[in-house]
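Okay, query_8.cif now, which holds mmCIF, C-alpha atoms and all ligand atoms:
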```cif
data_work
#
loop_
_atom_site.label_atom_id
_atom_site.label_comp_id
_atom_site.auth_asym_id
_atom_site.auth_seq_id
_atom_site.Cartn_x
_atom_site.Cartn_y
_atom_site.Cartn_z
CA MET A 1 -69.66 -175.70 60.45
CA ILE A 2 -72.97 -173.94 61.11
CA ARG A 3 -74.52 -172.37 58.03
CA PRO A 4 -74.88 -168.60 58.38
CA GLY A 5 -78.25 -166.89 58.03
CA LEU A 6 -79.15 -164.29 55.42
CA ARG A 7 -78.50 -161.28 57.68
CA GLN A 8 -75.14 -162.64 58.73
CA VAL A 9 -74.15 -163.39 55.12
CA ILE A 10 -75.11 -159.86 54.00
CA ALA A 11 -73.28 -158.31 56.97
CA ARG A 12 -70.17 -160.26 56.02
CA GLY A 13 -70.54 -159.02 52.44
CA VAL A 14 -70.83 -155.41 53.58
CA ARG A 15 -67.60 -155.90 55.58
CA LYS A 16 -66.03 -157.47 52.43
CA ARG A 17 -65.40 -160.76 54.24
CA CYS A 18 -65.96 -164.37 53.24
CA PRO A 19 -69.70 -165.11 53.36
CA ARG A 20 -69.12 -168.57 54.87
CA CYS A 21 -66.56 -168.03 57.63
CA GLY A 22 -66.60 -164.22 57.97
CA ARG A 23 -62.83 -164.08 58.40
CA GLY A 24 -61.17 -164.28 54.97
CA ARG A 25 -60.96 -161.16 52.83
CA LEU A 26 -62.92 -161.11 49.57
CA PHE A 27 -60.56 -158.80 47.68
CA ARG A 28 -56.81 -158.96 47.19
CA ALA A 29 -56.85 -155.44 45.73
CA TRP A 30 -59.41 -152.63 45.61
CA TYR A 31 -61.71 -154.40 43.16
CA THR A 32 -59.83 -157.64 42.46
CA LEU A 33 -61.81 -160.53 43.89
CA ASP A 34 -59.68 -163.29 45.36
CA ASP A 35 -60.29 -166.75 43.89
CA ALA A 36 -61.04 -168.40 47.22
CA CYS A 37 -61.12 -167.70 50.94
CA ARG A 38 -57.68 -168.04 52.50
CA THR A 39 -59.25 -169.17 55.76
CA CYS A 40 -61.91 -171.74 54.80
CA GLY A 41 -61.17 -172.34 51.08
CA LEU A 42 -64.60 -171.25 49.75
CA THR A 43 -64.49 -170.46 46.03
CA TYR A 44 -66.03 -166.99 45.88
CA GLU A 45 -67.36 -166.84 42.37
CA CYS A 46 -67.89 -170.21 40.69
CA TYR A 47 -69.78 -168.50 37.85
CA GLU A 48 -69.14 -164.81 37.23
CA GLY A 49 -72.63 -164.34 35.79
CA ASN A 50 -74.23 -165.18 39.15
CA THR A 51 -73.47 -161.68 40.46
CA TRP A 52 -74.38 -159.68 37.35
CA ALA A 53 -78.07 -159.23 38.21
CA PHE A 54 -77.32 -157.76 41.64
CA MET A 55 -74.64 -155.46 40.21
CA TYR A 56 -77.00 -154.28 37.47
CA LEU A 57 -79.92 -153.71 39.84
CA SER A 58 -77.82 -151.93 42.46
CA THR A 59 -76.39 -149.62 39.78
CA ALA A 60 -79.91 -148.94 38.52
CA PHE A 61 -81.03 -148.18 42.10
CA LEU A 62 -78.17 -145.70 42.59
CA THR A 63 -78.98 -144.10 39.25
CA GLY A 64 -82.59 -143.73 40.37
CA LEU A 65 -81.47 -141.97 43.54
CA ILE A 66 -79.32 -139.66 41.47
CA LEU A 67 -82.20 -138.84 39.14
CA ALA A 68 -84.35 -138.05 42.17
CA ALA A 69 -81.60 -135.78 43.47
CA MET A 70 -81.50 -133.96 40.13
CA PHE A 71 -85.20 -133.14 40.47
CA LEU A 72 -84.94 -132.10 44.13
CA ILE A 73 -81.88 -129.88 43.91
CA LYS A 74 -82.69 -126.36 42.79
CA PRO A 75 -79.35 -124.64 42.25
CA ASP A 76 -78.95 -120.97 41.30
CA GLU A 77 -76.99 -122.01 38.22
CA ILE A 78 -78.39 -125.07 36.43
CA TRP A 79 -75.00 -126.12 35.04
CA MET A 80 -73.55 -126.06 38.57
CA GLY A 81 -76.32 -128.31 39.85
CA ARG A 82 -75.89 -130.75 36.97
CA ALA A 83 -72.12 -130.84 37.37
CA THR A 84 -72.46 -131.46 41.11
CA VAL A 85 -75.04 -134.24 40.75
CA VAL A 86 -73.24 -135.97 37.88
CA SER A 87 -69.85 -135.91 39.61
CA ALA A 88 -71.41 -137.11 42.89
CA ALA A 89 -73.18 -139.87 40.95
CA VAL A 90 -70.04 -141.11 39.26
CA MET A 91 -68.14 -141.07 42.56
CA ALA A 92 -70.95 -142.90 44.42
CA ILE A 93 -71.27 -145.60 41.77
CA ILE A 94 -67.52 -146.18 41.53
CA ALA A 95 -66.82 -145.92 45.26
CA SER A 96 -69.54 -148.45 46.10
CA LEU A 97 -68.40 -151.04 43.52
CA PRO A 98 -66.37 -153.29 45.87
CA ARG A 99 -69.03 -153.30 48.59
CA ARG A 100 -71.81 -154.00 46.09
CA LYS A 101 -69.74 -156.79 44.53
CA ALA A 102 -69.06 -158.25 47.99
CA VAL A 103 -72.79 -158.27 48.81
CA ALA A 104 -73.47 -159.87 45.41
CA VAL A 105 -70.96 -162.65 46.17
CA ALA A 106 -72.52 -163.11 49.61
CA LEU A 107 -76.03 -163.37 48.14
CA ASP A 108 -74.75 -165.83 45.52
CA TYR A 109 -73.30 -167.96 48.30
CA TYR A 110 -76.54 -167.78 50.28
CA SER A 111 -78.68 -168.70 47.27
CA GLU A 112 -76.50 -171.73 46.61
CA ILE A 113 -76.75 -173.03 50.16
CA ILE A 114 -80.52 -172.55 50.45
CA TRP A 115 -81.33 -173.98 47.02
CA ASN A 116 -78.73 -176.71 47.44
CA GLN A 117 -77.34 -176.36 43.96
CA PRO A 118 -74.87 -178.96 42.74
CA PRO A 119 -71.21 -178.13 43.02
CA ALA A 120 -69.49 -176.32 40.18
CA GLN A 121 -68.58 -178.58 37.27
CA PHE A 122 -64.89 -178.34 38.08
CA GLY A 123 -65.50 -179.24 41.73
CA ASP A 124 -65.69 -182.55 43.42
CA SER A 125 -68.45 -183.04 45.98
CA ARG A 126 -66.14 -185.30 47.98
CA ASN A 127 -64.28 -182.10 48.89
CA ASP A 128 -67.47 -180.60 50.31
CA VAL A 129 -66.27 -180.74 53.92
CA ASN A 130 -68.63 -177.94 55.01
CA GLY A 131 -71.75 -179.58 53.63
CA ASP A 132 -72.83 -176.50 51.73
CA ASN A 133 -72.18 -177.82 48.21
CA ARG A 134 -69.43 -175.24 47.64
CA PHE A 135 -66.24 -176.46 46.07
CA VAL A 136 -63.26 -176.53 48.38
CA GLY A 137 -59.86 -176.84 46.81
CA SER A 138 -57.82 -175.21 44.12
CA PRO A 139 -59.60 -172.85 41.71
CA PRO A 140 -60.44 -173.97 38.17
CA PRO A 141 -57.79 -173.68 35.47
CA HIS A 142 -57.75 -170.34 33.66
CA ARG A 143 -59.15 -170.53 30.15
CA ASP A 144 -58.77 -167.95 27.40
ZN ZN B 201 -63.98 -168.26 54.44
#
```
Mind turning this structure into structure tokens?
Amino acid sequence: MIRPGLRQVIARGVRKRCPRCGRGRLFRAWYTLDDACRTCGLTYECYEGNTWAFMYLSTAFLTGLILAAMFLIKPDEIWMGRATVVSAAVMAIIASLPRRKAVAVALDYYSEIIWNQPPAQFGDSRNDVNGDNRFVGSPPPHRD
């Protein structure tokens, strides 16, 4: 399998598709990430913390845009302007969650293939049929 480039990986994330094969869906519900790709078997999120930085920064970026909008909008009634900007902000941040998460998963995948990180501790490199150090097989057992 040919390793995808950064642009291709990001485009697959924007379309909410598997960053490796581009065919499998990332989500089984609106914001419920599937454990692995149903087409190629890629485990989407070996470590949940790997996507936190992108999610935090993208939320901060959106908040910055909203703050800029608050300074640029000059409504007749100040409360109306604030209500409009705040409600638009909440809707934009919530509506973009799945796409931002998908791009975060795609960037996590890309960083792992370019930095050649070792497979997840629950994985077995002998299952690495795609040569990208990503675990292929059943997901790890659920721990509480
Ligand atoms: Zn896939």
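Here the question is which of A:Ile114, A:Ala95, A:Leu6, A:Ala106 gets nearest to ligand ZN 201 (chain B) using only C-alpha atoms and all ligand atoms, and that residue is A:Ala106.
Between ligand ZN 201 (chain B) and the candidates A:Val86, A:Cys37, A:Leu26, A:Val14, the tightest atom-to-atom separation, counting all atoms listed in the file, involves A:Cys37.
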If the limit is 10 Å from any atom of ligand ZN 201 (chain B), counting only C-alpha atoms and all ligand atoms, which residues qualify? Return them as a PDB file with C-alpha atoms, in the frame of the given file.
```pdb
ATOM      1  CA  ARG A  17     -65.400-160.760  54.240  1.00  0.00           C
ATOM      2  CA  CYS A  18     -65.960-164.370  53.240  1.00  0.00           C
ATOM      3  CA  PRO A  19     -69.700-165.110  53.360  1.00  0.00           C
ATOM      4  CA  ARG A  20     -69.120-168.570  54.870  1.00  0.00           C
ATOM      5  CA  CYS A  21     -66.560-168.030  57.630  1.00  0.00           C
ATOM      6  CA  GLY A  22     -66.600-164.220  57.970  1.00  0.00           C
ATOM      7  CA  ARG A  23     -62.830-164.080  58.400  1.00  0.00           C
ATOM      8  CA  GLY A  24     -61.170-164.280  54.970  1.00  0.00           C
ATOM      9  CA  ARG A  25     -60.960-161.160  52.830  1.00  0.00           C
ATOM     10  CA  LEU A  26     -62.920-161.110  49.570  1.00  0.00           C
ATOM     11  CA  ALA A  36     -61.040-168.400  47.220  1.00  0.00           C
ATOM     12  CA  CYS A  37     -61.120-167.700  50.940  1.00  0.00           C
ATOM     13  CA  ARG A  38     -57.680-168.040  52.500  1.00  0.00           C
ATOM     14  CA  THR A  39     -59.250-169.170  55.760  1.00  0.00           C
ATOM     15  CA  CYS A  40     -61.910-171.740  54.800  1.00  0.00           C
ATOM     16  CA  GLY A  41     -61.170-172.340  51.080  1.00  0.00           C
ATOM     17  CA  LEU A  42     -64.600-171.250  49.750  1.00  0.00           C
ATOM     18  CA  THR A  43     -64.490-170.460  46.030  1.00  0.00           C
ATOM     19  CA  TYR A  44     -66.030-166.990  45.880  1.00  0.00           C
TER      20      TYR A  44
END
```
When you draw a straight line from CA of Asn116 in chain A to CA of Thr51 in chain A, how long is it in Å?
->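 For CA of Asn116 in chain A relative to CA of Thr51 in chain A, the distance reads 17.4 Å.
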Give me, as a tab-separated table, the closest atom pair and its distance (Å, one decimal) for every residue of range 23-80 of chain A within a cut-off of 12 Å of range 108-111 of chain A, counting all atoms listed in the file, rows sorted by chain and rising number.
```
residue	atom	partner	partner_atom	distance
A:Leu42	CA	A:Tyr109	CA	9.4
A:Thr43	CA	A:Tyr109	CA	9.4
A:Tyr44	CA	A:Tyr109	CA	7.7
A:Glu45	CA	A:Asp108	CA	8.1
A:Cys46	CA	A:Asp108	CA	9.5
A:Tyr47	CA	A:Asp108	CA	9.5
A:Glu48	CA	A:Asp108	CA	10.1
A:Gly49	CA	A:Asp108	CA	10.1
A:Asn50	CA	A:Asp108	CA	6.4
A:Thr51	CA	A:Asp108	CA	6.7
A:Trp52	CA	A:Asp108	CA	10.2
A:Ala53	CA	A:Asp108	CA	10.4
A:Phe54	CA	A:Asp108	CA	9.3
A:Met55	CA	A:Asp108	CA	11.7
```
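The space between CA of Gly5 in chain A and CA of Phe61 in chain A spans 24.7 Å.
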In Å and to one decimal, CA of Pro4 in chain A is distant from CA of Val105 in chain A by 14.1 Å
Find the residues around Thr59 in chain A up to 10 Å (all atoms listed in the file counted), leave out those fewer than 4 positions away in its own chain, and share them as number ranges by chain.
-> A: 53-55, 63-65, 92-94, 96-97, 100
Axis-aligned box over every listed atom of range 3-6 of chain A, padded by 4 Å per side: centre and edges in Å to one decimal, as AutoDock Vina command-line options?
```
--center_x -76.8 --center_y -168.3 --center_z 56.9 --size_x 12.6 --size_y 16.1 --size_z 11.0
```
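Closest approach to Met91 in chain A among A:Leu62, A:Ala29, A:Lys16, A:Arg3: A:Leu62, based on all atoms listed in the file.
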10 Å contact set for Thr84 in chain A, all atoms listed in the file, chain neighbours under 4 positions out, as number ranges by chain = A: 70, 73, 75, 78-80, 88-89
Could you dump the residues just selected with C-alpha atoms as a PDB file, in the coordinates of the input?
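Writing done, so here's result.pdb:
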```pdb
ATOM      1  CA  MET A  70     -81.500-133.960  40.130  1.00  0.00           C
ATOM      2  CA  ILE A  73     -81.880-129.880  43.910  1.00  0.00           C
ATOM      3  CA  PRO A  75     -79.350-124.640  42.250  1.00  0.00           C
ATOM      4  CA  ILE A  78     -78.390-125.070  36.430  1.00  0.00           C
ATOM      5  CA  TRP A  79     -75.000-126.120  35.040  1.00  0.00           C
ATOM      6  CA  MET A  80     -73.550-126.060  38.570  1.00  0.00           C
ATOM      7  CA  ALA A  88     -71.410-137.110  42.890  1.00  0.00           C
ATOM      8  CA  ALA A  89     -73.180-139.870  40.950  1.00  0.00           C
TER       9      ALA A  89
END
```
Rebuild range 37-53 of chain A so that it carries N, CA and C atoms, then output the result as a compact mmCIF listing (two decimals), in the coordinates of the input.
```txt
# COMPACT_ATOMS: atom_id res chain seq x y z
N CYS A 37 -61.40 -168.17 49.58
CA CYS A 37 -61.12 -167.70 50.94
C CYS A 37 -59.82 -168.34 51.43
N ARG A 38 -58.96 -167.53 51.99
CA ARG A 38 -57.68 -168.04 52.50
C ARG A 38 -57.85 -168.70 53.88
N THR A 39 -59.01 -168.56 54.46
CA THR A 39 -59.25 -169.17 55.76
C THR A 39 -59.99 -170.52 55.62
N CYS A 40 -61.10 -170.51 54.87
CA CYS A 40 -61.91 -171.74 54.80
C CYS A 40 -61.87 -172.41 53.43
N GLY A 41 -61.31 -171.74 52.40
CA GLY A 41 -61.17 -172.34 51.08
C GLY A 41 -62.38 -172.20 50.17
N LEU A 42 -63.41 -171.45 50.58
CA LEU A 42 -64.60 -171.25 49.75
C LEU A 42 -64.23 -170.56 48.45
N THR A 43 -64.65 -171.13 47.33
CA THR A 43 -64.49 -170.46 46.03
C THR A 43 -65.54 -169.36 45.96
N TYR A 44 -65.09 -168.12 45.78
CA TYR A 44 -66.03 -166.99 45.88
C TYR A 44 -66.99 -166.90 44.72
N GLU A 45 -66.50 -167.08 43.52
CA GLU A 45 -67.36 -166.84 42.37
C GLU A 45 -67.19 -168.00 41.39
N CYS A 46 -67.98 -169.05 41.59
CA CYS A 46 -67.89 -170.21 40.69
C CYS A 46 -68.27 -169.80 39.28
N TYR A 47 -69.30 -168.99 39.15
CA TYR A 47 -69.78 -168.50 37.85
C TYR A 47 -69.91 -166.99 37.96
N GLU A 48 -69.14 -166.27 37.14
CA GLU A 48 -69.14 -164.81 37.23
C GLU A 48 -70.53 -164.23 36.99
N GLY A 49 -71.30 -164.85 36.12
CA GLY A 49 -72.63 -164.34 35.79
C GLY A 49 -73.61 -164.35 36.95
N ASN A 50 -73.32 -165.10 38.01
CA ASN A 50 -74.23 -165.18 39.15
C ASN A 50 -74.38 -163.85 39.88
N THR A 51 -73.41 -162.95 39.74
CA THR A 51 -73.47 -161.68 40.46
C THR A 51 -73.91 -160.52 39.55
N TRP A 52 -74.06 -160.77 38.28
CA TRP A 52 -74.38 -159.68 37.35
C TRP A 52 -75.72 -159.03 37.65
N ALA A 53 -76.74 -159.80 37.96
CA ALA A 53 -78.07 -159.23 38.21
C ALA A 53 -78.03 -158.26 39.38
```
